[in-house]
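J.: You'll find protein04.txt just under this line, and it carries compact mmCIF, C-alpha atoms and all ligand atoms.
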# COMPACT_ATOMS: atom_id res chain seq x y z
CA MET A 1 0.00 0.00 0.00
CA LYS A 2 1.21 3.49 -0.80
CA GLU A 3 2.53 5.30 2.24
CA SER A 4 0.16 8.05 3.35
CA ILE A 5 1.35 11.62 3.12
CA ARG A 6 0.74 12.00 6.86
CA SER A 7 3.06 9.15 7.76
CA LYS A 8 5.66 10.34 5.23
CA LEU A 9 5.51 13.87 6.66
CA ASP A 10 5.84 12.46 10.17
CA SER A 11 8.84 10.31 9.24
CA ASP A 12 10.81 12.67 6.96
CA GLY A 13 9.50 16.16 7.72
CA TYR A 14 8.63 16.84 4.10
CA VAL A 15 6.73 15.19 1.25
CA VAL A 16 7.21 15.72 -2.49
CA LEU A 17 3.99 15.65 -4.53
CA GLU A 18 4.82 15.70 -8.23
CA ASP A 19 2.42 17.14 -10.81
CA PHE A 20 0.41 18.93 -8.14
CA LEU A 21 -0.31 21.72 -10.63
CA SER A 22 -0.62 21.33 -14.38
CA GLU A 23 1.42 23.48 -16.76
CA LYS A 24 -1.72 25.54 -17.41
CA GLU A 25 -2.33 26.09 -13.69
CA VAL A 26 1.29 27.16 -13.22
CA ASP A 27 0.95 29.64 -16.08
CA GLU A 28 -2.26 31.07 -14.60
CA LEU A 29 -0.44 31.95 -11.39
CA LYS A 30 2.51 33.45 -13.26
CA ASP A 31 0.20 35.50 -15.48
CA GLU A 32 -1.72 36.74 -12.45
CA ILE A 33 1.44 37.84 -10.66
CA GLN A 34 2.39 39.86 -13.75
CA ILE A 35 -0.94 41.68 -13.40
CA LEU A 36 -0.32 42.32 -9.71
CA ILE A 37 3.14 43.70 -10.51
CA GLY A 38 1.53 46.00 -13.07
CA ASN A 39 -0.89 47.22 -10.37
CA MET A 40 1.81 47.76 -7.77
CA PRO A 41 1.35 50.98 -5.79
CA ASP A 42 4.32 53.38 -5.71
CA GLN A 43 4.79 53.30 -1.94
CA ALA A 44 5.31 49.52 -2.11
CA GLN A 45 8.80 50.24 -3.39
CA ARG A 46 10.03 51.02 0.09
CA THR A 47 9.92 47.72 1.91
CA ILE A 48 12.63 45.14 1.57
CA PHE A 49 12.48 41.57 2.74
CA SER A 50 15.51 39.52 3.60
CA GLY A 51 15.87 35.91 4.69
CA LYS A 52 19.03 36.92 6.54
CA GLU A 53 18.62 38.23 10.06
CA ALA A 54 21.18 41.00 9.76
CA ASP A 55 19.13 42.62 7.02
CA ASN A 56 15.83 42.42 8.79
CA GLN A 57 14.73 45.97 8.19
CA GLN A 58 11.17 44.79 8.04
CA ASN A 59 11.30 44.51 11.83
CA LYS A 60 10.85 48.22 11.91
CA ALA A 61 8.31 48.34 9.13
CA THR A 62 4.67 48.35 9.99
CA TYR A 63 4.13 47.61 6.28
CA PHE A 64 5.27 44.06 7.01
CA LEU A 65 2.93 43.65 9.99
CA GLU A 66 0.02 45.14 8.14
CA SER A 67 0.57 42.85 5.17
CA ALA A 68 -1.02 39.97 7.12
CA ASP A 69 -4.33 40.82 5.52
CA LYS A 70 -3.07 42.52 2.36
CA ILE A 71 -1.24 42.01 -0.87
CA GLY A 72 2.13 43.51 0.08
CA TYR A 73 5.19 43.96 -2.14
CA PHE A 74 8.64 43.21 -0.72
CA PHE A 75 11.95 43.86 -2.44
CA ASP A 76 15.43 42.39 -2.34
CA ALA A 77 17.76 44.46 -0.15
CA GLY A 78 20.09 45.23 -3.04
CA ALA A 79 17.29 46.47 -5.28
CA VAL A 80 16.21 49.50 -3.25
CA GLY A 81 18.17 52.74 -2.83
CA ARG A 82 18.35 54.92 0.29
CA ASP A 83 15.48 57.05 -0.93
CA GLY A 84 13.27 53.97 -1.25
CA GLY A 85 13.29 54.02 -5.03
CA LEU A 86 14.27 51.07 -7.16
CA LEU A 87 17.83 50.98 -8.39
CA THR A 88 18.67 49.71 -11.84
CA ARG A 89 16.52 46.60 -11.99
CA THR A 90 12.96 46.32 -13.29
CA PRO A 91 10.24 45.84 -10.65
CA ARG A 92 9.97 42.13 -11.45
CA ALA A 93 13.70 41.61 -11.15
CA SER A 94 13.74 43.52 -7.83
CA LEU A 95 10.93 41.75 -6.01
CA ASN A 96 11.61 39.27 -3.23
CA LYS A 97 7.99 38.33 -2.64
CA ILE A 98 4.38 39.42 -2.82
CA ALA A 99 2.59 38.46 0.38
CA HIS A 100 0.81 37.62 2.75
CA ALA A 101 -2.87 37.39 1.79
CA LEU A 102 -2.93 36.56 -1.91
CA HIS A 103 -5.25 33.68 -0.97
CA GLU A 104 -7.76 36.16 0.45
CA HIS A 105 -7.67 39.04 -1.97
CA ASP A 106 -6.73 37.67 -5.37
CA PRO A 107 -9.30 35.40 -7.06
CA VAL A 108 -6.75 33.39 -9.05
CA PHE A 109 -4.58 32.65 -6.02
CA ARG A 110 -7.66 32.01 -3.90
CA ARG A 111 -8.83 29.38 -6.39
CA ALA A 112 -5.41 27.71 -6.45
CA THR A 113 -5.23 27.71 -2.64
CA THR A 114 -8.70 26.28 -2.12
CA SER A 115 -8.58 23.68 -4.92
CA GLU A 116 -9.89 20.16 -4.36
CA ARG A 117 -6.31 18.88 -4.52
CA VAL A 118 -5.28 21.13 -1.66
CA LYS A 119 -8.35 20.17 0.38
CA GLU A 120 -7.66 16.49 -0.25
CA ALA A 121 -4.06 16.90 0.92
CA ALA A 122 -5.25 18.73 4.04
CA PHE A 123 -7.76 15.95 4.69
CA GLN A 124 -5.10 13.25 4.25
CA LEU A 125 -2.84 15.16 6.62
CA GLY A 126 -5.60 14.88 9.22
CA PHE A 127 -6.62 18.52 9.45
CA GLU A 128 -10.06 18.96 10.99
CA GLU A 129 -10.23 22.72 10.57
CA PRO A 130 -7.46 23.71 8.13
CA LEU A 131 -6.91 27.45 8.27
CA VAL A 132 -4.80 29.21 5.66
CA VAL A 133 -2.78 31.79 7.57
CA GLN A 134 -0.56 33.25 4.88
CA SER A 135 0.42 33.01 1.23
CA MET A 136 3.47 34.25 -0.62
CA TYR A 137 4.63 34.45 -4.20
CA ILE A 138 8.41 34.05 -4.04
CA PHE A 139 10.51 35.37 -6.93
CA LYS A 140 13.97 34.16 -5.90
CA ASN A 141 15.70 36.42 -8.34
CA PRO A 142 19.32 35.77 -9.35
CA GLY A 143 21.91 36.88 -6.83
CA LYS A 144 22.54 36.56 -3.12
CA ASP A 145 19.64 38.67 -1.83
CA ALA A 146 17.05 35.94 -1.94
CA GLU A 147 19.05 33.39 0.03
CA VAL A 148 17.04 32.02 2.98
CA LYS A 149 18.90 30.83 6.07
CA PRO A 150 18.01 27.55 7.85
CA HIS A 151 14.79 27.88 9.81
CA GLN A 152 11.61 26.15 10.95
CA ASP A 153 8.30 27.59 9.76
CA ALA A 154 6.82 27.01 13.25
CA SER A 155 9.17 29.74 14.54
CA TYR A 156 7.00 32.20 12.61
CA LEU A 157 3.60 30.52 12.61
CA TYR A 158 3.44 29.00 16.05
CA THR A 159 0.42 27.24 17.49
CA GLU A 160 -0.02 25.14 20.61
CA PRO A 161 0.31 22.32 19.82
CA VAL A 162 2.42 22.95 16.70
CA SER A 163 0.30 22.28 13.62
CA VAL A 164 1.60 24.36 10.72
CA VAL A 165 2.23 22.68 7.37
CA GLY A 166 3.66 24.58 4.41
CA PHE A 167 2.54 23.97 0.83
CA TRP A 168 5.43 25.04 -1.41
CA ILE A 169 4.69 24.85 -5.12
CA ALA A 170 7.45 25.20 -7.73
CA LEU A 171 6.42 27.45 -10.62
CA GLU A 172 9.79 26.82 -12.30
CA ASP A 173 11.99 23.75 -12.12
CA ALA A 174 13.88 24.18 -8.84
CA THR A 175 17.50 23.02 -9.02
CA ILE A 176 20.62 23.23 -6.89
CA GLU A 177 21.86 26.01 -9.17
CA ASN A 178 18.77 28.23 -8.90
CA GLY A 179 18.14 27.72 -5.19
CA CYS A 180 15.90 24.72 -4.56
CA LEU A 181 14.91 23.86 -1.00
CA TRP A 182 17.29 21.86 1.21
CA PHE A 183 15.94 19.81 4.12
CA ALA A 184 17.43 18.21 7.21
CA ARG A 185 15.39 15.05 7.02
CA GLY A 186 13.98 14.07 10.41
CA SER A 187 14.90 17.40 12.06
CA HIS A 188 11.21 18.04 12.79
CA ARG A 189 11.48 15.67 15.74
CA SER A 190 13.51 18.11 17.83
CA GLY A 191 10.81 20.61 18.81
CA VAL A 192 10.61 24.32 17.98
CA HIS A 193 14.10 25.76 18.35
CA ARG A 194 13.07 29.38 18.74
CA ARG A 195 10.20 31.75 18.12
CA TYR A 196 9.87 35.02 16.28
CA ARG A 197 7.50 37.18 18.29
CA ARG A 198 6.01 40.60 18.63
CA ASN A 199 8.19 42.49 21.07
CA ARG A 200 6.61 42.97 24.49
CA ASP A 201 8.94 45.89 25.19
CA PRO A 202 7.07 49.03 24.05
CA ALA A 203 10.24 51.12 24.38
CA SER A 204 12.15 49.05 21.83
CA PRO A 205 12.27 50.17 18.20
CA GLU A 206 12.27 46.50 17.21
CA LEU A 207 8.68 45.46 16.67
CA LEU A 208 9.59 41.81 16.19
CA VAL A 209 12.27 39.79 17.92
CA TYR A 210 13.62 36.24 18.09
CA ASP A 211 13.47 34.74 21.57
CA SER A 212 16.91 33.14 21.17
CA PRO A 213 19.90 33.37 18.81
CA ALA A 214 19.97 31.40 15.56
CA PRO A 215 20.94 27.78 16.20
CA VAL A 216 23.93 26.44 14.30
CA TYR A 217 22.97 23.69 11.85
CA GLN A 218 25.49 21.44 10.11
CA LYS A 219 25.30 21.82 6.33
CA SER A 220 26.08 18.10 5.98
CA SER A 221 22.74 17.16 7.55
CA PHE A 222 20.79 18.80 4.70
CA GLU A 223 19.89 17.34 1.34
CA PRO A 224 18.83 19.31 -1.73
CA VAL A 225 15.37 18.56 -3.10
CA SER A 226 15.30 19.40 -6.81
CA VAL A 227 11.80 19.34 -8.22
CA THR A 228 10.08 20.00 -11.52
CA LYS A 229 7.65 22.82 -12.21
CA GLY A 230 4.20 22.08 -10.77
CA THR A 231 5.55 19.95 -7.89
CA CYS A 232 4.29 20.69 -4.37
CA ILE A 233 6.48 20.06 -1.34
CA LEU A 234 4.62 19.68 1.97
CA ILE A 235 6.76 21.10 4.77
CA HIS A 236 6.35 20.04 8.40
CA GLY A 237 6.36 23.11 10.65
CA GLN A 238 9.39 21.88 12.58
CA VAL A 239 11.60 20.57 9.78
CA VAL A 240 14.71 22.71 9.31
CA HIS A 241 15.13 23.91 5.73
CA PHE A 242 16.82 26.64 3.73
CA SER A 243 17.52 27.75 0.19
CA GLU A 244 20.77 29.01 -1.25
CA ALA A 245 21.27 32.02 -3.46
CA ASN A 246 20.04 31.68 -7.02
CA ARG A 247 23.15 31.26 -9.17
CA SER A 248 21.25 31.01 -12.46
CA SER A 249 20.33 33.94 -14.67
CA ARG A 250 16.53 33.66 -14.17
CA SER A 251 14.09 33.94 -11.30
CA ARG A 252 12.97 30.72 -9.60
CA ASP A 253 9.31 31.45 -8.85
CA ALA A 254 7.30 29.55 -6.24
CA TYR A 255 3.89 29.94 -4.64
CA THR A 256 3.70 28.96 -1.00
CA PHE A 257 1.02 29.04 1.66
CA HIS A 258 0.73 27.76 5.21
CA VAL A 259 -2.08 25.90 6.93
CA ILE A 260 -2.64 25.54 10.67
CA GLU A 261 -5.14 23.45 12.61
CA GLY A 262 -7.93 25.61 13.98
CA LYS A 263 -9.58 22.96 16.12
CA GLY A 264 -8.16 22.44 19.60
CA THR A 265 -5.15 24.71 19.10
CA THR A 266 -4.30 28.17 20.34
CA TYR A 267 -2.82 30.87 18.11
CA PRO A 268 -0.66 33.14 20.31
CA GLU A 269 -1.20 36.87 20.40
CA ASP A 270 2.52 37.43 20.02
CA ASN A 271 2.82 35.66 16.65
CA TRP A 272 3.92 38.29 14.13
CA LEU A 273 0.95 37.55 11.89
CA GLN A 274 -2.30 38.90 13.32
CA LEU A 275 -5.48 39.66 11.44
CA PRO A 276 -7.57 42.76 12.08
CA PRO A 277 -10.21 42.08 14.80
CA ASN A 278 -13.06 41.62 12.34
CA LYS A 279 -11.26 39.02 10.18
CA THR A 280 -10.77 35.26 10.49
CA PHE A 281 -8.39 32.87 8.72
CA LEU A 282 -9.72 31.15 5.62
CA ASN A 283 -11.05 27.64 6.42
CA LEU A 284 -10.17 25.32 3.52
CA TYR A 285 -13.19 23.10 4.09
CA LYS A 286 -15.63 26.00 3.95
CA ASN A 287 -14.27 27.79 0.87
FE FE2 B 301 10.27 28.11 5.38
Written as structure tokens, that's how I'd like the structure from this file.

T.:
Amino acid sequence: MKESIRSKLDSDGYVVLEDFLSEKEVDELKDEIQILIGNMPDQAQRTIFSGKEADNQQNKATYFLESADKIGYFFDAGAVGRDGGLLTRTPRASLNKIAHALHEHDPVFRRATTSERVKEAAFQLGFEEPLVVQSMYIFKNPGKDAEVKPHQDASYLYTEPVSVVGFWIALEDATIENGCLWFARGSHRSGVHRRYRRNRDPASPELLVYDSPAPVYQKSSFEPVSVTKGTCILIHGQVVHFSEANRSSRSRDAYTFHVIEGKGTTYPEDNWLQLPPNKTFLNLYKN
């Protein structure tokens, strides 16, 4: 009998689902993002996003916090000048990601996020009340800016008990050269190593802080997971993963969203991502 995706996720910390999206479905998402780039407001050109802690200027940016319920535009650190304007690159070649509520506010991304295939995967994973908490279109443009250091998604989307699962869908073939994901297989069995929280100290200029320094992970414990366009990788909230810089000459687009269990869990008030009081997370089984 084929191993269930739940038992595979529990044993390895990630599951590769090939042909999750058809070529046509991939193209629909890429076409839609082109439209969103065309509609980008001018002030969006001021917020950078970096997967490296030292560059975390978004800590100070309320734009980041407010993007929980919006379509926000985030740029690579090297693409934005001191005045907030874009340097030499085109908007598309400067973007790090568009996030964090594409699944709420864009009909094409909403359809992709609430498809029967996604619901079926959530059902097989055992979700009783699967809530989509965030979605991101990742550009992974060439260069070092889009490198993402080793981390666990549960550091950012914490629940008690931990329940978050990432759906990461390749919209281009993801290779070692262009920055595919690397996983430390089995690392999800070692708990949540640290949390990224809203700062309780009102006097601090840092709105968001880690509760402990970055752990040191051995590179040798990670394996690269190259996948073809349309593949979905399910990511356990505690599995440690990263992606290297993109050393190719083209972007390596991906669409990713995260699901938490709404039944019997608590969602802390100090998680970075909070919806406005009148909003609730999208329940996959009811949409
Ligand atoms: Fe991640």

J.: Given all atoms listed in the file as the basis, pick out the residue of A:Lys140, A:His241, A:Arg252, A:His193 nearest to ligand FE2 301 (chain B).

T.: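 Selected residue with least distance to ligand FE2 301 (chain B): A:His241.
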
J.: At what distance in Å, to one decimal, does CA of Arg197 in chain A lie from CA of Asn271 in chain A?

T.: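 Result for CA of Asn271 in chain A versus CA of Arg197 in chain A: 5.2 Å, one decimal.
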
J.: For the contact check between chain A and ligand FE2 301 (chain B), emit one row per residue of chain A within 7 Å, containing the shortest atom pair and the distance in Å rounded to one decimal, counting all atoms listed in the file, chain then rising number order, as JSON lines.

T.:
{"residue": "A:His151", "atom": "CA", "partner": "B:FE2_301", "partner_atom": "FE", "distance": 6.3}
{"residue": "A:Gln152", "atom": "CA", "partner": "B:FE2_301", "partner_atom": "FE", "distance": 6.1}
{"residue": "A:Asp153", "atom": "CA", "partner": "B:FE2_301", "partner_atom": "FE", "distance": 4.8}
{"residue": "A:His241", "atom": "CA", "partner": "B:FE2_301", "partner_atom": "FE", "distance": 6.4}
{"residue": "A:Phe242", "atom": "CA", "partner": "B:FE2_301", "partner_atom": "FE", "distance": 6.9}

J.: To one decimal place, how far is CA of Gly186 in chain A from CA of Phe123 in chain A in Å?

T.: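 It comes out at 22.6 Å.
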
J.: Draw an axis-aligned box tight on the listed atoms of range 26-41 of chain A, then pad every side by 8 Å and write out centre and edge lengths in Å to one decimal as lines of an AutoDock Vina configuration file.

T.:
center_x = 0.4
center_y = 39.1
center_z = -10.9
size_x = 21.4
size_y = 39.8
size_z = 26.3

J.: Considering all atoms listed in the file, state which residue in the set A:Val209, A:Leu171, A:Val165, A:Leu65 is at the smallest distance from Gly237 in chain A.

T.: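 Of A:Val209, A:Leu171, A:Val165, A:Leu65, the one nearest Gly237 in chain A, counting all atoms listed in the file, is A:Val165.
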
J.: Considering all atoms listed in the file, can you say which of A:Ala254, A:Ile37, A:Ala122, A:Ala214 comes closest to Val240 in chain A?

T.: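 Among A:Ala254, A:Ile37, A:Ala122, A:Ala214, it is A:Ala214 that comes nearest to Val240 in chain A.
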
J.: Figure out the distance between CA of Ala170 in chain A and CA of Lys229 in chain A, please, to one decimal in Å.

T.: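 It comes out at 5.1 Å.
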
J.: For Asn199 in chain A, which residue out of A:Glu269, A:Glu18, A:Asn141, A:Leu9 is the nearest one, using only C-alpha atoms?

T.: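 Of the candidates, the smallest distance to Asn199 in chain A is held by A:Glu269.
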
J.: For Glu147 in chain A, which residue among A:Ser135, A:Ser226, A:Thr114, A:Asn178 is the nearest when counting only C-alpha atoms?

T.: A:Asn178
